[in-house]
>>> print(open('protein.pdb').read())   # PDB, C-alpha atoms and all ligand atoms
ATOM      1  CA  MET A   1      -9.341 -23.307 -11.737
ATOM      2  CA  ASN A   2      -6.996 -25.067 -14.161
ATOM      3  CA  ILE A   3      -3.391 -23.902 -14.641
ATOM      4  CA  GLU A   4      -4.186 -21.620 -17.591
ATOM      5  CA  GLU A   5      -7.127 -20.026 -15.793
ATOM      6  CA  ARG A   6      -4.969 -19.507 -12.746
ATOM      7  CA  LYS A   7      -2.301 -17.711 -14.779
ATOM      8  CA  THR A   8      -4.737 -15.243 -16.266
ATOM      9  CA  ALA A   9      -6.695 -14.755 -13.027
ATOM     10  CA  PRO A  10      -6.378 -11.244 -11.558
ATOM     11  CA  ILE A  11      -4.356 -10.041  -8.600
ATOM     12  CA  GLY A  12      -6.495  -8.511  -5.846
ATOM     13  CA  VAL A  13      -5.042  -5.304  -4.409
ATOM     14  CA  PHE A  14      -6.705  -3.461  -1.559
ATOM     15  CA  ASP A  15      -6.312  -0.439   0.609
ATOM     16  CA  SER A  16      -8.393   1.673   2.964
ATOM     17  CA  GLY A  17      -8.900   4.149   0.124
ATOM     18  CA  VAL A  18      -6.959   5.848  -2.641
ATOM     19  CA  GLY A  19      -3.452   5.514  -1.195
ATOM     20  CA  GLY A  20      -2.981   1.922  -2.355
ATOM     21  CA  LEU A  21      -3.145   3.161  -5.920
ATOM     22  CA  THR A  22       0.559   3.961  -5.465
ATOM     23  CA  VAL A  23       1.134   0.220  -4.996
ATOM     24  CA  ALA A  24      -1.256  -0.778  -7.816
ATOM     25  CA  ARG A  25       0.590   1.673 -10.107
ATOM     26  CA  GLU A  26       3.915   0.011  -9.288
ATOM     27  CA  ILE A  27       2.461  -3.483  -9.863
ATOM     28  CA  ALA A  28       1.075  -2.304 -13.219
ATOM     29  CA  ARG A  29       4.552  -0.957 -14.125
ATOM     30  CA  GLN A  30       6.518  -4.033 -13.061
ATOM     31  CA  LEU A  31       3.962  -6.679 -14.104
ATOM     32  CA  PRO A  32       2.191  -5.185 -17.127
ATOM     33  CA  ASP A  33       0.668  -8.522 -18.190
ATOM     34  CA  GLU A  34      -1.194  -9.051 -14.922
ATOM     35  CA  ASN A  35      -4.857  -8.213 -14.452
ATOM     36  CA  ILE A  36      -5.645  -6.227 -11.303
ATOM     37  CA  ILE A  37      -8.817  -5.863  -9.269
ATOM     38  CA  TYR A  38      -8.405  -2.906  -6.909
ATOM     39  CA  PHE A  39     -10.628  -2.331  -3.908
ATOM     40  CA  GLY A  40     -10.506   0.957  -1.943
ATOM     41  CA  ASP A  41     -12.484   1.016   1.314
ATOM     42  CA  THR A  42     -13.526   4.646   0.856
ATOM     43  CA  ALA A  43     -16.550   4.297   3.167
ATOM     44  CA  ARG A  44     -14.400   3.310   6.144
ATOM     45  CA  VAL A  45     -11.108   5.148   5.614
ATOM     46  CA  PRO A  46      -9.010   5.928   7.619
ATOM     47  CA  TYR A  47      -7.840   2.621   9.066
ATOM     48  CA  GLY A  48      -4.933   4.339  10.804
ATOM     49  CA  SER A  49      -7.042   5.419  13.773
ATOM     50  CA  LYS A  50      -8.915   2.112  14.235
ATOM     51  CA  SER A  51      -8.353  -0.913  16.464
ATOM     52  CA  GLN A  52      -6.698  -4.131  15.371
ATOM     53  CA  ASN A  53      -9.950  -6.123  15.635
ATOM     54  CA  THR A  54     -11.722  -3.701  13.321
ATOM     55  CA  ILE A  55      -8.877  -3.683  10.805
ATOM     56  CA  ILE A  56      -8.841  -7.503  10.765
ATOM     57  CA  ARG A  57     -12.627  -7.605  10.231
ATOM     58  CA  PHE A  58     -12.450  -5.098   7.368
ATOM     59  CA  SER A  59      -9.568  -7.002   5.760
ATOM     60  CA  GLU A  60     -11.474 -10.303   6.003
ATOM     61  CA  GLN A  61     -14.513  -8.794   4.303
ATOM     62  CA  ILE A  62     -12.427  -7.348   1.491
ATOM     63  CA  ILE A  63     -10.606 -10.639   0.938
ATOM     64  CA  ARG A  64     -13.954 -12.472   0.771
ATOM     65  CA  PHE A  65     -15.123  -9.919  -1.819
ATOM     66  CA  LEU A  66     -11.923 -10.234  -3.868
ATOM     67  CA  ARG A  67     -12.255 -14.014  -3.855
ATOM     68  CA  THR A  68     -15.610 -13.688  -5.605
ATOM     69  CA  LYS A  69     -13.559 -12.175  -8.468
ATOM     70  CA  GLN A  70     -11.414 -15.360  -8.640
ATOM     71  CA  VAL A  71      -8.180 -13.602  -7.701
ATOM     72  CA  LYS A  72      -5.060 -15.785  -7.633
ATOM     73  CA  ALA A  73      -3.175 -13.709  -5.034
ATOM     74  CA  ILE A  74      -3.824 -10.696  -2.843
ATOM     75  CA  VAL A  75      -1.659  -7.687  -2.060
ATOM     76  CA  ILE A  76      -2.574  -5.712   1.046
ATOM     77  CA  ALA A  77      -1.403  -2.351  -0.219
ATOM     78  CA  CYS A  78      -2.330  -0.651   3.065
ATOM     79  CA  ASN A  79       0.512  -0.394   5.595
ATOM     80  CA  THR A  80      -1.916  -0.290   8.527
ATOM     81  CA  ALA A  81      -3.721  -3.473   7.423
ATOM     82  CA  SER A  82      -0.373  -5.116   6.585
ATOM     83  CA  ALA A  83       0.932  -4.300  10.072
ATOM     84  CA  LEU A  84      -2.187  -5.320  11.992
ATOM     85  CA  ALA A  85      -4.057  -7.917   9.931
ATOM     86  CA  LEU A  86      -1.617  -9.780   7.659
ATOM     87  CA  ASP A  87      -0.809 -12.599  10.098
ATOM     88  CA  ALA A  88      -4.495 -13.167  10.937
ATOM     89  CA  VAL A  89      -5.725 -13.299   7.347
ATOM     90  CA  ARG A  90      -2.811 -15.451   6.203
ATOM     91  CA  ASP A  91      -3.827 -18.029   8.792
ATOM     92  CA  GLU A  92      -7.453 -17.849   7.724
ATOM     93  CA  PHE A  93      -7.402 -17.879   3.895
ATOM     94  CA  ASP A  94      -5.750 -20.413   1.609
ATOM     95  CA  ILE A  95      -4.557 -17.905  -0.969
ATOM     96  CA  PRO A  96      -1.145 -16.203  -1.202
ATOM     97  CA  ILE A  97      -1.346 -12.831   0.586
ATOM     98  CA  LEU A  98       1.447 -10.250   0.551
ATOM     99  CA  GLY A  99       1.716  -7.092   2.629
ATOM    100  CA  VAL A 100       3.887  -4.018   2.202
ATOM    101  CA  VAL A 101       5.687  -3.947   5.564
ATOM    102  CA  ILE A 102       8.174  -6.784   4.979
ATOM    103  CA  PRO A 103       9.215  -5.540   1.489
ATOM    104  CA  GLY A 104       9.505  -1.953   2.794
ATOM    105  CA  ALA A 105      11.561  -3.003   5.801
ATOM    106  CA  ARG A 106      13.883  -5.068   3.600
ATOM    107  CA  ALA A 107      14.444  -2.172   1.194
ATOM    108  CA  ALA A 108      15.321   0.124   4.109
ATOM    109  CA  VAL A 109      17.715  -2.409   5.669
ATOM    110  CA  GLU A 110      19.467  -2.631   2.288
ATOM    111  CA  ALA A 111      19.518   1.159   1.922
ATOM    112  CA  THR A 112      20.907   2.169   5.326
ATOM    113  CA  ARG A 113      24.666   2.526   5.724
ATOM    114  CA  ASN A 114      24.790   3.784   9.316
ATOM    115  CA  LYS A 115      22.089   1.353  10.538
ATOM    116  CA  LYS A 116      19.598   4.058  11.482
ATOM    117  CA  ILE A 117      16.168   3.971   9.869
ATOM    118  CA  GLY A 118      13.183   6.293  10.257
ATOM    119  CA  VAL A 119       9.610   5.133   9.665
ATOM    120  CA  ALA A 120       6.665   7.473   9.073
ATOM    121  CA  GLY A 121       3.212   5.871   9.283
ATOM    122  CA  THR A 122      -0.299   6.071  10.707
ATOM    123  CA  ASP A 123      -0.998   5.966  14.447
ATOM    124  CA  ALA A 124      -2.030   2.297  14.266
ATOM    125  CA  THR A 125       1.057   1.266  12.280
ATOM    126  CA  VAL A 126       3.433   3.090  14.616
ATOM    127  CA  GLN A 127       1.683   1.806  17.751
ATOM    128  CA  SER A 128       1.912  -1.759  16.439
ATOM    129  CA  GLY A 129       5.704  -1.379  16.246
ATOM    130  CA  MET A 130       5.548  -3.802  13.322
ATOM    131  CA  TYR A 131       8.172  -2.051  11.196
ATOM    132  CA  THR A 132      10.613  -2.115  14.118
ATOM    133  CA  LYS A 133       9.888  -5.816  14.775
ATOM    134  CA  VAL A 134      10.360  -6.788  11.141
ATOM    135  CA  ILE A 135      13.524  -4.685  10.732
ATOM    136  CA  HIS A 136      15.002  -6.172  13.922
ATOM    137  CA  ALA A 137      14.221  -9.686  12.704
ATOM    138  CA  MET A 138      16.300  -8.880   9.600
ATOM    139  CA  ALA A 139      18.985  -6.751  11.251
ATOM    140  CA  PRO A 140      18.948  -6.665  15.076
ATOM    141  CA  ASP A 141      21.595  -3.930  15.296
ATOM    142  CA  VAL A 142      19.567  -1.321  13.384
ATOM    143  CA  THR A 143      18.075   1.595  15.329
ATOM    144  CA  VAL A 144      14.522   2.393  14.237
ATOM    145  CA  ILE A 145      12.744   5.681  14.926
ATOM    146  CA  GLU A 146       9.008   5.584  14.166
ATOM    147  CA  LYS A 147       6.783   8.636  13.868
ATOM    148  CA  ALA A 148       3.028   8.826  13.344
ATOM    149  CA  CYS A 149       2.006  11.501  10.824
ATOM    150  CA  PRO A 150      -1.808  11.095  10.680
ATOM    151  CA  LEU A 151      -2.597  14.436   9.034
ATOM    152  CA  PHE A 152      -0.681  13.504   5.877
ATOM    153  CA  VAL A 153      -3.605  11.245   4.871
ATOM    154  CA  PRO A 154      -6.384  13.889   4.688
ATOM    155  CA  LEU A 155      -3.969  16.380   3.107
ATOM    156  CA  VAL A 156      -3.313  13.943   0.262
ATOM    157  CA  GLU A 157      -6.999  13.016  -0.037
ATOM    158  CA  GLU A 158      -7.896  16.704  -0.369
ATOM    159  CA  GLY A 159      -5.261  17.245  -3.055
ATOM    160  CA  PHE A 160      -3.286  19.642  -0.808
ATOM    161  CA  LYS A 161       0.158  18.581  -1.990
ATOM    162  CA  GLU A 162       1.214  22.071  -3.027
ATOM    163  CA  HIS A 163      -0.564  23.861  -0.179
ATOM    164  CA  ILE A 164       1.416  25.847   2.394
ATOM    165  CA  VAL A 165      -0.388  23.935   5.163
ATOM    166  CA  THR A 166       1.167  20.702   3.940
ATOM    167  CA  GLN A 167       4.658  22.178   4.202
ATOM    168  CA  GLU A 168       3.931  23.223   7.777
ATOM    169  CA  VAL A 169       2.549  19.804   8.691
ATOM    170  CA  ILE A 170       5.623  18.093   7.193
ATOM    171  CA  GLU A 171       7.873  20.291   9.334
ATOM    172  CA  TYR A 172       5.713  19.737  12.416
ATOM    173  CA  TYR A 173       5.865  15.940  12.169
ATOM    174  CA  LEU A 174       9.312  15.388  10.733
ATOM    175  CA  GLU A 175      11.441  18.003  12.488
ATOM    176  CA  SER A 176      12.403  15.585  15.274
ATOM    177  CA  MET A 177      13.273  12.867  12.760
ATOM    178  CA  ARG A 178      15.332  15.270  10.650
ATOM    179  CA  SER A 179      17.428  16.178  13.683
ATOM    180  CA  THR A 180      18.501  12.531  14.143
ATOM    181  CA  ASP A 181      21.178  10.938  11.967
ATOM    182  CA  ILE A 182      18.968   8.373  10.191
ATOM    183  CA  ASP A 183      20.092   7.813   6.602
ATOM    184  CA  ALA A 184      17.008   5.926   5.343
ATOM    185  CA  MET A 185      13.355   6.655   5.872
ATOM    186  CA  ILE A 186      10.395   4.420   5.049
ATOM    187  CA  LEU A 187       7.212   6.031   3.754
ATOM    188  CA  GLY A 188       5.200   3.536   5.821
ATOM    189  CA  CYS A 189       1.761   4.629   4.651
ATOM    190  CA  THR A 190       0.312   4.357   1.176
ATOM    191  CA  HIS A 191      -0.495   8.059   0.969
ATOM    192  CA  TYR A 192       2.973   9.357   1.779
ATOM    193  CA  PRO A 193       4.586   8.526  -1.585
ATOM    194  CA  LEU A 194       2.186  11.104  -3.020
ATOM    195  CA  LEU A 195       4.053  13.686  -0.882
ATOM    196  CA  ARG A 196       7.433  12.172  -1.636
ATOM    197  CA  SER A 197       9.065  15.169  -3.313
ATOM    198  CA  LYS A 198       7.992  17.491  -0.486
ATOM    199  CA  ILE A 199       9.202  15.057   2.183
ATOM    200  CA  ARG A 200      12.497  14.513   0.358
ATOM    201  CA  ASP A 201      13.078  18.269   0.001
ATOM    202  CA  TYR A 202      12.487  18.706   3.725
ATOM    203  CA  MET A 203      14.538  15.710   4.907
ATOM    204  CA  GLY A 204      17.486  16.544   2.628
ATOM    205  CA  ASP A 205      19.469  14.417   0.199
ATOM    206  CA  LYS A 206      21.520  12.534   2.828
ATOM    207  CA  ILE A 207      18.417  10.501   3.675
ATOM    208  CA  GLN A 208      17.284   7.840   1.253
ATOM    209  CA  ILE A 209      13.492   7.772   0.999
ATOM    210  CA  VAL A 210      12.101   4.227   0.743
ATOM    211  CA  ASN A 211       8.711   3.575  -0.853
ATOM    212  CA  PRO A 212       7.672  -0.060  -0.165
ATOM    213  CA  ALA A 213       5.632  -0.200  -3.394
ATOM    214  CA  TYR A 214       8.502  -1.161  -5.738
ATOM    215  CA  GLU A 215       9.831  -3.901  -3.467
ATOM    216  CA  THR A 216       6.286  -5.239  -2.969
ATOM    217  CA  ALA A 217       5.746  -5.467  -6.726
ATOM    218  CA  MET A 218       9.060  -7.341  -7.052
ATOM    219  CA  ASP A 219       8.048  -9.769  -4.264
ATOM    220  CA  LEU A 220       4.773 -10.379  -6.066
ATOM    221  CA  LYS A 221       6.628 -11.056  -9.323
ATOM    222  CA  LYS A 222       8.871 -13.586  -7.573
ATOM    223  CA  LEU A 223       5.911 -15.292  -5.908
ATOM    224  CA  LEU A 224       3.968 -15.602  -9.184
ATOM    225  CA  HIS A 225       6.949 -17.166 -10.916
ATOM    226  CA  GLU A 226       7.713 -19.537  -8.051
ATOM    227  CA  MET A 227       4.096 -20.707  -7.986
ATOM    228  CA  ASP A 228       3.899 -20.870 -11.795
ATOM    229  CA  MET A 229       1.046 -18.358 -11.761
ATOM    230  CA  ALA A 230       2.509 -15.510 -13.831
ATOM    231  CA  ASN A 231       0.398 -14.254 -16.716
ATOM    232  CA  ASP A 232       2.297 -14.302 -20.029
ATOM    233  CA  GLY A 233      -0.041 -11.705 -21.529
ATOM    234  CA  SER A 234      -1.540 -13.978 -24.170
ATOM    235  CA  ASP A 235      -5.024 -13.196 -22.810
ATOM    236  CA  ALA A 236      -4.936  -9.781 -24.542
ATOM    237  CA  ARG A 237      -7.676  -7.791 -22.860
ATOM    238  CA  HIS A 238      -9.267  -4.451 -23.470
ATOM    239  CA  SER A 239      -8.461  -3.345 -19.957
ATOM    240  CA  ARG A 240      -6.479  -5.201 -17.346
ATOM    241  CA  TYR A 241      -7.675  -3.092 -14.434
ATOM    242  CA  SER A 242     -10.985  -2.849 -12.546
ATOM    243  CA  PHE A 243     -11.654  -0.557  -9.629
ATOM    244  CA  TYR A 244     -14.120  -1.073  -6.769
ATOM    245  CA  VAL A 245     -14.836   1.104  -3.749
ATOM    246  CA  SER A 246     -17.233   1.061  -0.799
ATOM    247  CA  ASP A 247     -18.363   4.687  -1.327
ATOM    248  CA  ALA A 248     -17.780   7.945  -3.245
ATOM    249  CA  ALA A 249     -16.981   6.273  -6.561
ATOM    250  CA  GLU A 250     -16.699   9.439  -8.608
ATOM    251  CA  LYS A 251     -14.303  11.138  -6.195
ATOM    252  CA  PHE A 252     -12.183   7.993  -6.218
ATOM    253  CA  ARG A 253     -12.247   7.776 -10.024
ATOM    254  CA  LYS A 254     -11.033  11.361 -10.390
ATOM    255  CA  PHE A 255      -8.248  10.746  -7.889
ATOM    256  CA  ALA A 256      -7.283   7.488  -9.588
ATOM    257  CA  ASN A 257      -6.900   9.352 -12.852
ATOM    258  CA  THR A 258      -4.270  11.589 -11.263
ATOM    259  CA  VAL A 259      -2.272   8.590  -9.984
ATOM    260  CA  MET A 260      -2.572   5.834 -12.580
ATOM    261  CA  PRO A 261      -0.654   6.096 -15.862
ATOM    262  CA  PHE A 262      -3.796   5.243 -17.859
ATOM    263  CA  ASP A 263      -7.416   6.334 -17.985
ATOM    264  CA  VAL A 264      -9.724   4.972 -15.247
ATOM    265  CA  PRO A 265     -13.127   5.198 -16.934
ATOM    266  CA  THR A 266     -15.321   3.571 -14.266
ATOM    267  CA  THR A 267     -15.339   2.735 -10.582
ATOM    268  CA  ASN A 268     -17.888   0.321  -9.135
ATOM    269  CA  VAL A 269     -19.466   0.542  -5.688
ATOM    270  CA  VAL A 270     -19.632  -2.566  -3.495
ATOM    271  CA  ASN A 271     -21.582  -2.995  -0.261
ATOM    272  CA  ILE A 272     -18.601  -4.446   1.559
ATOM    273  CA  GLU A 273     -20.520  -5.065   4.800
ATOM    274  CA  GLU A 274     -22.312  -7.890   2.955
ATOM    275  CA  TYR A 275     -19.137  -9.948   2.743
TER     276      TYR A 275
HETATM  277  N1  LIG A 301      -3.756   3.133   3.750
HETATM  278  C1  LIG A 301      -3.316   3.533   5.066
HETATM  279  C2  LIG A 301      -1.904   3.039   5.305
HETATM  280  O1  LIG A 301      -1.170   2.750   4.400
HETATM  281  C3  LIG A 301      -3.377   5.036   5.231
HETATM  282  C4  LIG A 301      -4.763   5.596   5.288
HETATM  283  C5  LIG A 301      -5.573   5.120   6.472
HETATM  284  O2  LIG A 301      -5.299   5.510   7.626
HETATM  285  O3  LIG A 301      -6.463   4.345   6.225
HETATM  286  O4  LIG A 301      -1.497   2.924   6.421
END
>>> encode(input="protein.pdb", output="structure tokens")
Amino acid sequence: MNIEERKTAPIGVFDSGVGGLTVAREIARQLPDENIIYFGDTARVPYGSKSQNTIIRFSEQIIRFLRTKQVKAIVIACNTASALALDAVRDEFDIPILGVVIPGARAAVEATRNKKIGVAGTDATVQSGMYTKVIHAMAPDVTVIEKACPLFVPLVEEGFKEHIVTQEVIEYYLESMRSTDIDAMILGCTHYPLLRSKIRDYMGDKIQIVNPAYETAMDLKKLLHEMDMANDGSDARHSRYSFYVSDAAEKFRKFANTVMPFDVPTTNVVNIEEY
């Protein structure tokens, strides 16, 4: 790839399913001239209940697939894969790879005043303790309280945001965190920003809710400029965004149309086990 080709090459963004669209949406907002190839592993979601070895293997396959699309950088939009696979795939592939945990942790460290941060995530993310490790590397005196909220994922996938069950599940998981004096809380799973207003209403306005997506998009912007890889938009395209999944393309497409600020006309299916 020459320099011009590299600038107009797409960014690969992946997640275990639909949740990473919240990160892709933020990248599209902050970097409107960049082309994005999104992959959602809809055949194998959820990652949050799987082992580290499996999550690394899935991430490797997806990165190999994205590389066939000549991506110039990769964003692991999935918190679980960022927590459990980022170090392994960074060692293995010679392409810039960003995760969401470091940007999310940094935003929370900046947001907290009393040095008490809550983290909500999947079982795998919470068990990895990665948010706590990264926060302590930035600010050792911060207290971190992590809580796994696995049922939030299927509730979002089923479009249950306004359902009474969702309110009950929020209370069930977050009651113990609400009774602490944290003043910042990381939505440490791609799906949770889609419940943000409900979570914020329950946690109250003294707690700042941190969505790692914005900070991740800003880190990506910085990286592209530092590496002289930013697209200046002169490659005016019909559509800057392509969507791939490993299963259930139509369900994904419909969901994507509720999240993305533009029409998603097609979603392509990939046999990801081949990569
Ligand atoms: N994308 C995952 C995450 O951000 C949530 C869904 C899953 O468990 O795969 O952690």
>>> residues_near_ligand(input="protein.pdb", ligand="ligand LIG 301 (chain A)", cutoff="6 Å", atoms="all atoms listed in the file", output="list in words")
Asp15, Ser16, Gly19, Val45, Pro46, Tyr47, Gly48, Cys78, Asn79, Thr80, Thr122, Val153, Cys189, Thr190 and His191 of chain A
>>> atom_distance(input="protein.pdb", atom1="CA of Ser239 in chain A", atom2="CA of Leu220 in chain A")
20.4 Å
>>> closest_residue(input="protein.pdb", among="A:Tyr131, A:Ala120, A:Ala139, A:Val269", to="Phe252 in chain A", atoms="all atoms listed in the file")
A:Val269
>>> residues_around(input="protein.pdb", residues="range 31-39 of chain A", least_positions_apart="3", cutoff="8 Å", atoms="only C-alpha atoms", output="PDB file with C-alpha atoms, keeping the file's coordinate frame")
ATOM      1  CA  THR A   8      -4.737 -15.243 -16.266  1.00  0.00           C
ATOM      2  CA  ALA A   9      -6.695 -14.755 -13.027  1.00  0.00           C
ATOM      3  CA  PRO A  10      -6.378 -11.244 -11.558  1.00  0.00           C
ATOM      4  CA  ILE A  11      -4.356 -10.041  -8.600  1.00  0.00           C
ATOM      5  CA  GLY A  12      -6.495  -8.511  -5.846  1.00  0.00           C
ATOM      6  CA  VAL A  13      -5.042  -5.304  -4.409  1.00  0.00           C
ATOM      7  CA  PHE A  14      -6.705  -3.461  -1.559  1.00  0.00           C
ATOM      8  CA  ASP A  15      -6.312  -0.439   0.609  1.00  0.00           C
ATOM      9  CA  GLY A  17      -8.900   4.149   0.124  1.00  0.00           C
ATOM     10  CA  ALA A  24      -1.256  -0.778  -7.816  1.00  0.00           C
ATOM     11  CA  ILE A  27       2.461  -3.483  -9.863  1.00  0.00           C
ATOM     12  CA  ALA A  28       1.075  -2.304 -13.219  1.00  0.00           C
ATOM     13  CA  ILE A  62     -12.427  -7.348   1.491  1.00  0.00           C
ATOM     14  CA  LEU A  66     -11.923 -10.234  -3.868  1.00  0.00           C
ATOM     15  CA  LYS A  69     -13.559 -12.175  -8.468  1.00  0.00           C
ATOM     16  CA  VAL A  71      -8.180 -13.602  -7.701  1.00  0.00           C
ATOM     17  CA  ALA A 217       5.746  -5.467  -6.726  1.00  0.00           C
ATOM     18  CA  LYS A 221       6.628 -11.056  -9.323  1.00  0.00           C
ATOM     19  CA  ALA A 230       2.509 -15.510 -13.831  1.00  0.00           C
ATOM     20  CA  ASN A 231       0.398 -14.254 -16.716  1.00  0.00           C
ATOM     21  CA  ASP A 232       2.297 -14.302 -20.029  1.00  0.00           C
ATOM     22  CA  GLY A 233      -0.041 -11.705 -21.529  1.00  0.00           C
ATOM     23  CA  ARG A 240      -6.479  -5.201 -17.346  1.00  0.00           C
ATOM     24  CA  TYR A 241      -7.675  -3.092 -14.434  1.00  0.00           C
ATOM     25  CA  SER A 242     -10.985  -2.849 -12.546  1.00  0.00           C
ATOM     26  CA  PHE A 243     -11.654  -0.557  -9.629  1.00  0.00           C
ATOM     27  CA  TYR A 244     -14.120  -1.073  -6.769  1.00  0.00           C
ATOM     28  CA  VAL A 245     -14.836   1.104  -3.749  1.00  0.00           C
TER      29      VAL A 245
END
>>> residues_around(input="protein.pdb", residues="Ile182 in chain A", least_positions_apart="2", cutoff="7 Å", atoms="only C-alpha atoms", output="list in words")
Lys116, Ile117, Gly118, Thr180, Ala184 and Ile207 of chain A
>>> closest_residue(input="protein.pdb", among="A:Glu60, A:Asp41, A:Ile74, A:Ile186", to="Arg106 in chain A", atoms="all atoms listed in the file")
A:Ile186
>>> atom_distance(input="protein.pdb", atom1="CA of Pro103 in chain A", atom2="CA of Thr216 in chain A")
5.3 Å
